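J.: Sharing entry35.cif (mmCIF, C-alpha atoms) below.
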```
data_query
#
loop_
_atom_site.group_PDB
_atom_site.id
_atom_site.type_symbol
_atom_site.label_atom_id
_atom_site.label_comp_id
_atom_site.auth_asym_id
_atom_site.auth_seq_id
_atom_site.Cartn_x
_atom_site.Cartn_y
_atom_site.Cartn_z
ATOM 1 C CA MET E 1 0.000 0.000 0.000
ATOM 2 C CA PRO E 2 1.500 3.381 -0.880
ATOM 3 C CA PRO E 3 2.811 5.189 2.209
ATOM 4 C CA HIS E 4 0.580 7.932 3.543
ATOM 5 C CA LEU E 5 2.649 10.955 4.556
ATOM 6 C CA HIS E 6 1.317 13.514 6.982
ATOM 7 C CA SER E 7 2.813 16.681 5.504
ATOM 8 C CA CYS E 8 4.327 19.207 7.901
ATOM 9 C CA PRO E 9 6.658 21.773 6.301
ATOM 10 C CA ALA E 10 10.232 21.448 7.531
ATOM 11 C CA GLN E 11 10.496 25.222 7.880
ATOM 12 C CA LYS E 12 7.696 25.222 10.452
ATOM 13 C CA LEU E 13 9.417 22.447 12.407
ATOM 14 C CA ALA E 14 12.648 24.377 12.285
ATOM 15 C CA LEU E 15 11.020 27.505 13.719
ATOM 16 C CA LEU E 16 9.549 25.481 16.563
ATOM 17 C CA LEU E 17 12.917 23.885 17.255
ATOM 18 C CA LEU E 18 14.687 27.243 17.138
ATOM 19 C CA PHE E 19 12.158 28.720 19.563
ATOM 20 C CA ALA E 20 12.631 25.819 21.971
ATOM 21 C CA LEU E 21 16.410 25.965 21.721
ATOM 22 C CA LEU E 22 16.467 29.722 22.272
ATOM 23 C CA LEU E 23 14.317 29.357 25.385
ATOM 24 C CA ASN E 24 16.705 26.735 26.656
ATOM 25 C CA ALA E 25 19.727 28.965 25.977
ATOM 26 C CA CYS E 26 18.309 32.198 27.353
ATOM 27 C CA GLY E 27 16.235 30.880 30.204
ATOM 28 C CA ALA E 28 13.329 32.898 31.543
ATOM 29 C CA SER E 29 15.342 36.024 32.430
ATOM 30 C CA ALA E 30 15.075 39.199 30.389
ATOM 31 C CA GLY E 31 17.669 41.839 29.643
ATOM 32 C CA LYS E 32 21.069 41.956 28.037
ATOM 33 C CA LEU E 33 22.662 38.592 27.280
ATOM 34 C CA SER E 34 25.990 37.678 28.786
ATOM 35 C CA PRO E 35 28.822 36.485 26.495
ATOM 36 C CA THR E 36 28.116 32.924 27.605
ATOM 37 C CA GLN E 37 24.394 33.258 26.781
ATOM 38 C CA THR E 38 25.204 34.860 23.434
ATOM 39 C CA ALA E 39 27.405 31.913 22.509
ATOM 40 C CA GLN E 40 24.634 29.507 23.551
ATOM 41 C CA VAL E 41 22.134 31.368 21.361
ATOM 42 C CA GLU E 42 24.463 31.220 18.361
ATOM 43 C CA ARG E 43 24.994 27.499 18.855
ATOM 44 C CA SER E 44 21.215 27.031 19.126
ATOM 45 C CA ARG E 45 20.669 28.947 15.892
ATOM 46 C CA ALA E 46 23.267 26.855 14.116
ATOM 47 C CA LEU E 47 21.759 23.611 15.442
ATOM 48 C CA ALA E 48 18.235 24.646 14.457
ATOM 49 C CA THR E 49 19.417 25.572 10.952
ATOM 50 C CA GLN E 50 21.184 22.237 10.579
ATOM 51 C CA MET E 51 18.085 20.345 11.769
ATOM 52 C CA ALA E 52 15.831 22.313 9.412
ATOM 53 C CA GLN E 53 18.041 21.483 6.443
ATOM 54 C CA SER E 54 18.023 17.801 7.385
ATOM 55 C CA LEU E 55 14.243 17.782 7.849
ATOM 56 C CA GLN E 56 13.723 19.533 4.528
ATOM 57 C CA ALA E 57 15.880 16.989 2.718
ATOM 58 C CA THR E 58 14.037 14.082 4.388
ATOM 59 C CA TYR E 59 10.641 15.597 3.569
ATOM 60 C CA GLN E 60 11.584 16.031 -0.092
ATOM 61 C CA VAL E 61 12.851 12.449 -0.390
ATOM 62 C CA GLU E 62 9.739 10.972 1.282
ATOM 63 C CA SER E 63 7.444 13.104 -0.875
ATOM 64 C CA ALA E 64 9.240 11.953 -4.028
ATOM 65 C CA GLN E 65 9.050 8.310 -2.926
ATOM 66 C CA SER E 66 5.337 8.614 -2.115
ATOM 67 C CA THR E 67 4.611 10.204 -5.491
ATOM 68 C CA ALA E 68 6.598 7.551 -7.364
ATOM 69 C CA THR E 69 4.814 4.741 -5.488
ATOM 70 C CA ALA E 70 1.385 6.227 -6.169
ATOM 71 C CA GLN E 71 2.233 6.621 -9.856
ATOM 72 C CA ALA E 72 3.418 3.007 -10.052
ATOM 73 C CA PHE E 73 0.189 1.716 -8.498
ATOM 74 C CA GLN E 74 -1.905 3.894 -10.791
ATOM 75 C CA SER E 75 -0.043 2.567 -13.829
ATOM 76 C CA LEU E 76 -0.587 -1.008 -12.614
ATOM 77 C CA PHE E 77 -4.288 -0.298 -12.062
ATOM 78 C CA GLU E 78 -4.753 1.187 -15.543
ATOM 79 C CA SER E 79 -2.949 -1.778 -17.079
ATOM 80 C CA ALA E 80 -5.208 -4.285 -15.299
ATOM 81 C CA ARG E 81 -8.354 -2.477 -16.445
ATOM 82 C CA ASN E 82 -7.231 -3.126 -20.027
ATOM 83 C CA TRP E 83 -6.624 -6.865 -19.631
ATOM 84 C CA PRO E 84 -8.797 -9.096 -21.891
ATOM 85 C CA LEU E 85 -12.372 -9.562 -20.729
ATOM 86 C CA VAL E 86 -13.363 -12.848 -19.112
ATOM 87 C CA SER E 87 -16.872 -11.760 -18.171
ATOM 88 C CA LEU E 88 -18.996 -8.622 -18.473
ATOM 89 C CA HIS E 89 -22.557 -8.262 -17.164
ATOM 90 C CA ASP E 90 -24.641 -5.084 -17.377
ATOM 91 C CA PHE E 91 -27.789 -6.961 -16.242
ATOM 92 C CA GLU E 92 -29.945 -5.522 -18.991
ATOM 93 C CA GLN E 93 -31.304 -9.047 -19.464
ATOM 94 C CA PRO E 94 -31.622 -12.012 -17.053
ATOM 95 C CA SER E 95 -28.777 -14.495 -17.399
ATOM 96 C CA SER E 96 -28.553 -18.159 -16.496
ATOM 97 C CA ASP E 97 -24.952 -17.456 -15.424
ATOM 98 C CA TRP E 98 -26.240 -16.014 -12.140
ATOM 99 C CA LEU E 99 -28.223 -17.338 -9.209
ATOM 100 C CA LEU E 100 -31.868 -16.197 -9.530
ATOM 101 C CA GLY E 101 -35.092 -16.740 -7.619
ATOM 102 C CA GLU E 102 -35.765 -17.638 -4.003
ATOM 103 C CA GLN E 103 -33.430 -19.663 -1.797
ATOM 104 C CA ASP E 104 -33.309 -20.434 1.916
ATOM 105 C CA ASN E 105 -31.186 -22.337 4.396
ATOM 106 C CA ASP E 106 -30.398 -22.393 8.130
ATOM 107 C CA TYR E 107 -28.852 -18.919 7.909
ATOM 108 C CA GLY E 108 -31.645 -17.044 6.131
ATOM 109 C CA ALA E 109 -33.551 -16.534 2.907
ATOM 110 C CA SER E 110 -33.024 -14.550 -0.274
ATOM 111 C CA ASN E 111 -34.741 -13.446 -3.440
ATOM 112 C CA LEU E 112 -32.430 -12.533 -6.337
ATOM 113 C CA GLU E 113 -33.702 -11.145 -9.632
ATOM 114 C CA VAL E 114 -32.658 -9.016 -12.585
ATOM 115 C CA GLN E 115 -34.865 -5.948 -13.013
ATOM 116 C CA ASP E 116 -34.454 -2.426 -14.401
ATOM 117 C CA GLY E 117 -30.941 -3.160 -15.610
ATOM 118 C CA GLN E 118 -29.710 -4.231 -12.165
ATOM 119 C CA TYR E 119 -29.093 -7.406 -10.211
ATOM 120 C CA GLN E 120 -31.402 -6.922 -7.211
ATOM 121 C CA TRP E 121 -31.027 -8.806 -3.932
ATOM 122 C CA LYS E 122 -33.354 -9.097 -0.950
ATOM 123 C CA VAL E 123 -31.998 -11.075 1.998
ATOM 124 C CA LYS E 124 -33.278 -11.868 5.511
ATOM 125 C CA SER E 125 -31.114 -13.425 8.209
ATOM 126 C CA LEU E 126 -31.938 -16.079 10.786
ATOM 127 C CA GLN E 127 -28.386 -15.675 12.088
ATOM 128 C CA GLY E 128 -25.329 -13.767 10.937
ATOM 129 C CA LEU E 129 -24.679 -14.601 7.297
ATOM 130 C CA VAL E 130 -22.717 -13.986 4.121
ATOM 131 C CA TRP E 131 -24.782 -14.615 0.992
ATOM 132 C CA TRP E 132 -23.044 -14.881 -2.359
ATOM 133 C CA SER E 133 -23.715 -15.452 -6.042
ATOM 134 C CA VAL E 134 -20.929 -16.652 -8.333
ATOM 135 C CA PRO E 135 -21.485 -16.593 -12.109
ATOM 136 C CA ASP E 136 -20.704 -19.496 -14.380
ATOM 137 C CA ILE E 137 -17.350 -18.276 -15.714
ATOM 138 C CA ALA E 138 -13.844 -19.654 -15.903
ATOM 139 C CA THR E 139 -11.747 -20.026 -12.768
ATOM 140 C CA VAL E 140 -8.869 -17.543 -12.725
ATOM 141 C CA SER E 141 -5.730 -16.850 -10.716
ATOM 142 C CA ASP E 142 -4.525 -13.381 -11.728
ATOM 143 C CA PHE E 143 -7.453 -11.071 -12.405
ATOM 144 C CA TYR E 144 -9.077 -7.666 -12.188
ATOM 145 C CA ALA E 145 -12.714 -7.731 -10.995
ATOM 146 C CA ALA E 146 -15.045 -4.789 -10.418
ATOM 147 C CA VAL E 147 -18.707 -4.036 -9.775
ATOM 148 C CA GLN E 148 -20.956 -1.081 -9.091
ATOM 149 C CA CYS E 149 -23.052 -1.677 -5.975
ATOM 150 C CA GLN E 150 -25.333 -0.022 -3.435
ATOM 151 C CA GLN E 151 -27.356 -0.906 -0.369
ATOM 152 C CA ILE E 152 -30.917 0.382 -0.847
ATOM 153 C CA GLU E 153 -32.406 -0.717 2.467
ATOM 154 C CA GLY E 154 -31.046 -2.351 5.572
ATOM 155 C CA PRO E 155 -28.975 -1.844 8.715
ATOM 156 C CA GLU E 156 -25.893 0.353 8.959
ATOM 157 C CA ASP E 157 -23.756 -2.742 9.437
ATOM 158 C CA GLY E 158 -25.164 -4.369 6.307
ATOM 159 C CA GLN E 159 -22.364 -5.366 3.934
ATOM 160 C CA LEU E 160 -21.801 -5.821 0.216
ATOM 161 C CA GLY E 161 -18.868 -6.449 -2.048
ATOM 162 C CA LEU E 162 -16.855 -9.005 -3.978
ATOM 163 C CA ILE E 163 -16.021 -12.635 -3.265
ATOM 164 C CA PHE E 164 -12.973 -14.038 -5.052
ATOM 165 C CA ARG E 165 -10.784 -17.113 -5.404
ATOM 166 C CA LYS E 166 -13.640 -19.203 -4.082
ATOM 167 C CA ASP E 167 -12.689 -22.888 -4.238
ATOM 168 C CA PRO E 168 -14.825 -26.076 -4.270
ATOM 169 C CA ASP E 169 -14.512 -26.339 -0.464
ATOM 170 C CA ASP E 170 -16.217 -22.937 -0.008
ATOM 171 C CA GLN E 171 -13.005 -21.230 0.971
ATOM 172 C CA TYR E 172 -12.724 -17.678 -0.316
ATOM 173 C CA TYR E 173 -11.651 -14.063 0.153
ATOM 174 C CA ILE E 174 -14.125 -11.206 0.521
ATOM 175 C CA PHE E 175 -13.747 -7.442 0.055
ATOM 176 C CA GLN E 176 -16.710 -5.523 1.427
ATOM 177 C CA ILE E 177 -18.013 -2.125 2.511
ATOM 178 C CA ASP E 178 -20.836 -1.054 4.830
ATOM 179 C CA GLN E 179 -23.176 1.896 5.302
ATOM 180 C CA GLN E 180 -20.841 3.484 7.847
ATOM 181 C CA GLY E 181 -18.159 4.265 5.272
ATOM 182 C CA GLN E 182 -15.909 1.345 6.240
ATOM 183 C CA PHE E 183 -14.295 -1.525 4.355
ATOM 184 C CA SER E 184 -12.799 -4.833 5.393
ATOM 185 C CA ILE E 185 -11.069 -7.876 3.895
ATOM 186 C CA TYR E 186 -11.541 -11.409 5.210
ATOM 187 C CA LEU E 187 -10.516 -14.934 4.316
ATOM 188 C CA ARG E 188 -12.738 -17.953 4.926
ATOM 189 C CA TYR E 189 -10.283 -20.821 5.261
ATOM 190 C CA ALA E 190 -10.351 -24.218 7.013
ATOM 191 C CA GLU E 191 -13.876 -23.429 8.279
ATOM 192 C CA GLU E 192 -12.646 -20.335 10.115
ATOM 193 C CA TRP E 193 -12.701 -16.588 9.464
ATOM 194 C CA HIS E 194 -9.322 -14.857 9.176
ATOM 195 C CA THR E 195 -9.130 -11.066 9.356
ATOM 196 C CA LEU E 196 -6.794 -9.754 6.672
ATOM 197 C CA TRP E 197 -7.884 -6.117 7.043
ATOM 198 C CA SER E 198 -10.169 -5.161 9.919
ATOM 199 C CA TRP E 199 -13.018 -2.706 9.420
ATOM 200 C CA SER E 200 -11.480 0.662 8.575
ATOM 201 C CA PRO E 201 -12.988 3.989 7.467
ATOM 202 C CA SER E 202 -12.245 5.339 3.985
ATOM 203 C CA SER E 203 -13.158 8.712 2.500
ATOM 204 C CA ALA E 204 -13.319 6.982 -0.900
ATOM 205 C CA ILE E 205 -16.629 5.316 0.059
ATOM 206 C CA SER E 206 -19.817 7.167 -0.878
ATOM 207 C CA LEU E 207 -22.720 6.818 1.562
ATOM 208 C CA GLN E 208 -25.339 8.262 -0.798
ATOM 209 C CA GLU E 209 -24.331 7.002 -4.253
ATOM 210 C CA PRO E 210 -23.356 3.614 -5.721
ATOM 211 C CA ASN E 211 -19.727 2.627 -5.178
ATOM 212 C CA ARG E 212 -17.405 1.005 -7.690
ATOM 213 C CA LEU E 213 -15.444 -1.748 -5.923
ATOM 214 C CA ALA E 214 -12.496 -3.475 -7.554
ATOM 215 C CA VAL E 215 -9.916 -6.124 -6.699
ATOM 216 C CA MET E 216 -6.713 -6.810 -8.594
ATOM 217 C CA ALA E 217 -4.793 -10.027 -7.905
ATOM 218 C CA GLN E 218 -1.364 -11.039 -9.112
ATOM 219 C CA ALA E 219 -0.111 -14.293 -7.574
ATOM 220 C CA ASP E 220 -0.243 -13.690 -3.798
ATOM 221 C CA GLN E 221 -0.503 -9.899 -4.073
ATOM 222 C CA PHE E 222 -3.903 -8.194 -3.765
ATOM 223 C CA TYR E 223 -4.909 -4.568 -4.310
ATOM 224 C CA PHE E 224 -8.289 -3.127 -3.369
ATOM 225 C CA PHE E 225 -9.996 -0.077 -4.845
ATOM 226 C CA VAL E 226 -13.088 1.989 -4.083
ATOM 227 C CA ASN E 227 -14.199 4.397 -6.809
ATOM 228 C CA ASN E 228 -10.809 4.009 -8.526
ATOM 229 C CA GLN E 229 -8.900 4.883 -5.333
ATOM 230 C CA LEU E 230 -6.502 2.379 -3.817
ATOM 231 C CA VAL E 231 -7.575 1.723 -0.221
ATOM 232 C CA ALA E 232 -5.527 -1.363 0.704
ATOM 233 C CA GLY E 233 -2.911 -3.822 -0.441
ATOM 234 C CA LEU E 234 -1.865 -7.111 1.137
ATOM 235 C CA GLN E 235 -0.225 -10.483 0.548
ATOM 236 C CA ASP E 236 -1.700 -13.945 1.139
ATOM 237 C CA ASN E 237 -0.998 -17.262 -0.609
ATOM 238 C CA ARG E 238 -3.551 -19.637 0.888
ATOM 239 C CA LEU E 239 -5.933 -19.644 -2.097
ATOM 240 C CA PRO E 240 -4.082 -19.495 -5.436
ATOM 241 C CA GLU E 241 -7.154 -19.447 -7.719
ATOM 242 C CA GLY E 242 -10.919 -19.711 -7.764
ATOM 243 C CA GLU E 243 -14.237 -18.210 -8.751
ATOM 244 C CA ILE E 244 -15.275 -14.562 -8.529
ATOM 245 C CA GLY E 245 -18.692 -13.190 -7.643
ATOM 246 C CA LEU E 246 -20.825 -10.909 -5.503
ATOM 247 C CA LEU E 247 -21.848 -10.989 -1.862
ATOM 248 C CA VAL E 248 -23.917 -9.319 0.817
ATOM 249 C CA GLY E 249 -23.707 -9.743 4.564
ATOM 250 C CA LEU E 250 -25.974 -9.371 7.576
ATOM 251 C CA PRO E 251 -23.911 -9.775 10.747
ATOM 252 C CA GLN E 252 -26.833 -10.363 13.125
ATOM 253 C CA ALA E 253 -29.995 -12.434 13.306
ATOM 254 C CA ALA E 254 -33.385 -11.011 12.305
ATOM 255 C CA GLN E 255 -31.942 -8.435 9.909
ATOM 256 C CA SER E 256 -33.039 -7.743 6.352
ATOM 257 C CA GLY E 257 -31.738 -5.660 3.489
ATOM 258 C CA GLN E 258 -31.954 -4.850 -0.185
ATOM 259 C CA TRP E 259 -28.979 -4.355 -2.504
ATOM 260 C CA VAL E 260 -28.371 -3.730 -6.205
ATOM 261 C CA PHE E 261 -25.382 -4.601 -8.404
ATOM 262 C CA ASP E 262 -24.491 -3.437 -11.900
ATOM 263 C CA ASN E 263 -21.673 -3.499 -14.475
ATOM 264 C CA PHE E 264 -19.812 -6.532 -13.162
ATOM 265 C CA GLU E 265 -16.601 -7.302 -15.034
ATOM 266 C CA VAL E 266 -13.722 -9.718 -14.744
ATOM 267 C CA ARG E 267 -10.465 -9.395 -16.700
ATOM 268 C CA ALA E 268 -7.389 -11.592 -16.775
ATOM 269 C CA PRO E 269 -3.927 -11.105 -18.310
#
```
Can the structure from this file be put into structure tokens for me?
T.:
Amino acid sequence: MPPHLHSCPAQKLALLLLFALLLNACGASAGKLSPTQTAQVERSRALATQMAQSLQATYQVESAQSTATAQAFQSLFESARNWPLVSLHDFEQPSSDWLLGEQDNDYGASNLEVQDGQYQWKVKSLQGLVWWSVPDIATVSDFYAAVQCQQIEGPEDGQLGLIFRKDPDDQYYIFQIDQQGQFSIYLRYAEEWHTLWSWSPSSAISLQEPNRLAVMAQADQFYFFVNNQLVAGLQDNRLPEGEIGLLVGLPQAAQSGQWVFDNFEVRAP
């Protein structure tokens, strides 16, 4: 993940340091400085100047490194968005590639349908659940996957996003957001949940409009985007390939929600 630098001009730091050093040299007394105090002040000025120059050089190097890293990630992102298409769904027409109709199990019930150019989901929980739909497309390893999605109704902790590298044993990764402007990344592996990125706020998430979520995978490296902004990057090698699809989540019992998905695409190099 590109480093996030909290910018504080070196000149401002230098002034603060100089002020502190001068106070230390002069003490609290007023009046004419003695020769000894004058020498201390001059040494303080010289030290503050030296520190300011060092801070300025460090700030410039870190800024350059941050810019270069961000440019590299942006170039990688643009390249992935131009990989050959594996699947593209605008949901203008129902497709047998996707799960449709009513389903239920011990965790809850759902009704999934294609209407008004969107993939519409209604889900009710009997206990905390993750509900997914994976289209009938080729299994991939390296990929770029994206979808436009929005929660229409439901609790603030209702979740939606992408499921990827899902294997025949129902092991998978998920990248999801909620209605509180947070995102998280989890792995379901060996019948346990593994937190790869705990719930974290992101200014890239829109609370009023649909969000465009994307995942790019290259071997064991993963990059996660919200509305074309990189929000996280991590490394994990437990699932090398698998299916890609959509998901919603209700973390508690007796919850219900409605979600819509559109413009789902998968690309692979």
J.: Is it possible to get the residues within 9 Å of (-20.8, -4.7, 3.7) (coordinates as in the file, counting only C-alpha atoms) written as a list in words?
T.: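 With a cut-off of 9 Å, the residues come to Gln151, Glu156, Asp157, Gly158, Gln159, Leu160, Gly161, Phe175, Gln176, Ile177, Asp178, Gln179, Gln182, Phe183, Ser184, Leu247, Val248, Gly249 and Leu250 of chain E.
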J.: State, in Å with one decimal place, the distance from CA of Ser206 in chain E to CA of Arg267 in chain E.
T.: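 Between CA of Ser206 in chain E and CA of Arg267 in chain E the gap works out to 24.7 Å.
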J.: Separation of CA of Ser200 in chain E and CA of Tyr173 in chain E, in Å?
T.: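 Pair CA of Ser200 in chain E / CA of Tyr173 in chain E returns 17.0 Å.
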J.: What lies within 12 Å of Ile163 in chain E using all atoms listed in the file, ignoring chain neighbours under 5 positions off, as a PDB file with C-alpha atoms, keeping the file's coordinate frame?
T.:
```pdb
ATOM      1  CA  VAL E 130     -22.717 -13.986   4.121  1.00  0.00           C
ATOM      2  CA  TRP E 131     -24.782 -14.615   0.992  1.00  0.00           C
ATOM      3  CA  TRP E 132     -23.044 -14.881  -2.359  1.00  0.00           C
ATOM      4  CA  SER E 133     -23.715 -15.452  -6.042  1.00  0.00           C
ATOM      5  CA  VAL E 134     -20.929 -16.652  -8.333  1.00  0.00           C
ATOM      6  CA  PRO E 135     -21.485 -16.593 -12.109  1.00  0.00           C
ATOM      7  CA  ALA E 145     -12.714  -7.731 -10.995  1.00  0.00           C
ATOM      8  CA  ALA E 146     -15.045  -4.789 -10.418  1.00  0.00           C
ATOM      9  CA  VAL E 147     -18.707  -4.036  -9.775  1.00  0.00           C
ATOM     10  CA  ASP E 170     -16.217 -22.937  -0.008  1.00  0.00           C
ATOM     11  CA  GLN E 171     -13.005 -21.230   0.971  1.00  0.00           C
ATOM     12  CA  TYR E 172     -12.724 -17.678  -0.316  1.00  0.00           C
ATOM     13  CA  TYR E 173     -11.651 -14.063   0.153  1.00  0.00           C
ATOM     14  CA  ILE E 174     -14.125 -11.206   0.521  1.00  0.00           C
ATOM     15  CA  PHE E 175     -13.747  -7.442   0.055  1.00  0.00           C
ATOM     16  CA  GLN E 176     -16.710  -5.523   1.427  1.00  0.00           C
ATOM     17  CA  ILE E 185     -11.069  -7.876   3.895  1.00  0.00           C
ATOM     18  CA  TYR E 186     -11.541 -11.409   5.210  1.00  0.00           C
ATOM     19  CA  LEU E 187     -10.516 -14.934   4.316  1.00  0.00           C
ATOM     20  CA  ARG E 188     -12.738 -17.953   4.926  1.00  0.00           C
ATOM     21  CA  LEU E 213     -15.444  -1.748  -5.923  1.00  0.00           C
ATOM     22  CA  ALA E 214     -12.496  -3.475  -7.554  1.00  0.00           C
ATOM     23  CA  VAL E 215      -9.916  -6.124  -6.699  1.00  0.00           C
ATOM     24  CA  GLY E 242     -10.919 -19.711  -7.764  1.00  0.00           C
ATOM     25  CA  GLU E 243     -14.237 -18.210  -8.751  1.00  0.00           C
ATOM     26  CA  ILE E 244     -15.275 -14.562  -8.529  1.00  0.00           C
ATOM     27  CA  GLY E 245     -18.692 -13.190  -7.643  1.00  0.00           C
ATOM     28  CA  LEU E 246     -20.825 -10.909  -5.503  1.00  0.00           C
ATOM     29  CA  LEU E 247     -21.848 -10.989  -1.862  1.00  0.00           C
ATOM     30  CA  VAL E 248     -23.917  -9.319   0.817  1.00  0.00           C
ATOM     31  CA  GLY E 249     -23.707  -9.743   4.564  1.00  0.00           C
TER      32      GLY E 249
END
```
J.: To test your reading of the syntax: which residues would the PyMOL selection byres ((chain E and resi 99-113) around 9) return for the file shown? Reply as a list in words.
T.: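 So the PyMOL selection byres ((chain E and resi 99-113) around 9), applied here, picks out Pro94, Ser95, Ser96, Asp97, Trp98, Val114, Gln115, Gln118, Tyr119, Gln120, Trp121, Lys122, Val123, Lys124, Ser125, Leu126, Gln127, Gly128, Leu129, Val130, Trp131, Trp132, Ser133, Val134, Pro135, Ala253 and Ala254 of chain E.
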J.: Name the residues in contact with range 82-91 of chain E at a cut-off of 9 Å, using all atoms listed in the file, excluding same-chain residues fewer than 4 positions from it; report them as a ChimeraX atom specification.
T.: /E:77-78,95,114-119,137-138,143-144,261-269
J.: Those same residues, written as a tab-separated table (two decimals), keeping the file's coordinate frame with C-alpha atoms?
T.:
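Contents of result.tsv, as written:
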```tsv
chain	number	residue	atom	x	y	z
E	77	PHE	CA	-4.29	-0.30	-12.06
E	78	GLU	CA	-4.75	1.19	-15.54
E	95	SER	CA	-28.78	-14.50	-17.40
E	114	VAL	CA	-32.66	-9.02	-12.58
E	115	GLN	CA	-34.86	-5.95	-13.01
E	116	ASP	CA	-34.45	-2.43	-14.40
E	117	GLY	CA	-30.94	-3.16	-15.61
E	118	GLN	CA	-29.71	-4.23	-12.16
E	119	TYR	CA	-29.09	-7.41	-10.21
E	137	ILE	CA	-17.35	-18.28	-15.71
E	138	ALA	CA	-13.84	-19.65	-15.90
E	143	PHE	CA	-7.45	-11.07	-12.40
E	144	TYR	CA	-9.08	-7.67	-12.19
E	261	PHE	CA	-25.38	-4.60	-8.40
E	262	ASP	CA	-24.49	-3.44	-11.90
E	263	ASN	CA	-21.67	-3.50	-14.48
E	264	PHE	CA	-19.81	-6.53	-13.16
E	265	GLU	CA	-16.60	-7.30	-15.03
E	266	VAL	CA	-13.72	-9.72	-14.74
E	267	ARG	CA	-10.46	-9.40	-16.70
E	268	ALA	CA	-7.39	-11.59	-16.77
E	269	PRO	CA	-3.93	-11.10	-18.31
```
J.: Which one of E:Gly154, E:Met216, E:Gly233, E:Trp193 sits closest to Ser79 in chain E if you count only C-alpha atoms?
T.: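 Closest to Ser79 in chain E, using only C-alpha atoms: E:Met216.
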J.: In terms of the shortest atom-to-atom distance over only C-alpha atoms, which of E:Ser202, E:Gln74, E:Ser34, E:Ser141 is closest to Ala219 in chain E?
T.: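 Closest to Ala219 in chain E, using only C-alpha atoms: E:Ser141.
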J.: CA of Arg165 in chain E to CA of Ala232 in chain E: how many Å, to one decimal?
T.: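 Going from CA of Arg165 in chain E over to CA of Ala232 in chain E covers 17.7 Å.
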J.: Considering all atoms listed in the file, state which residue in the set E:Pro168, E:Leu76, E:Val260, E:Gln255 is at the smallest distance from Leu230 in chain E.
T.: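 Ranking E:Pro168, E:Leu76, E:Val260, E:Gln255 by distance to Leu230 in chain E, first place goes to E:Leu76.
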J.: Kindly provide, as JSON, the centre and edge lengths (Å, one decimal) of an axis-aligned box around all atoms of range 152-169 of chain E given in the file, with 5 Å on each side.
T.:
```
{"center_x": -21.6, "center_y": -13.0, "center_z": 2.0, "size_x": 31.6, "size_y": 36.7, "size_z": 24.8}
```
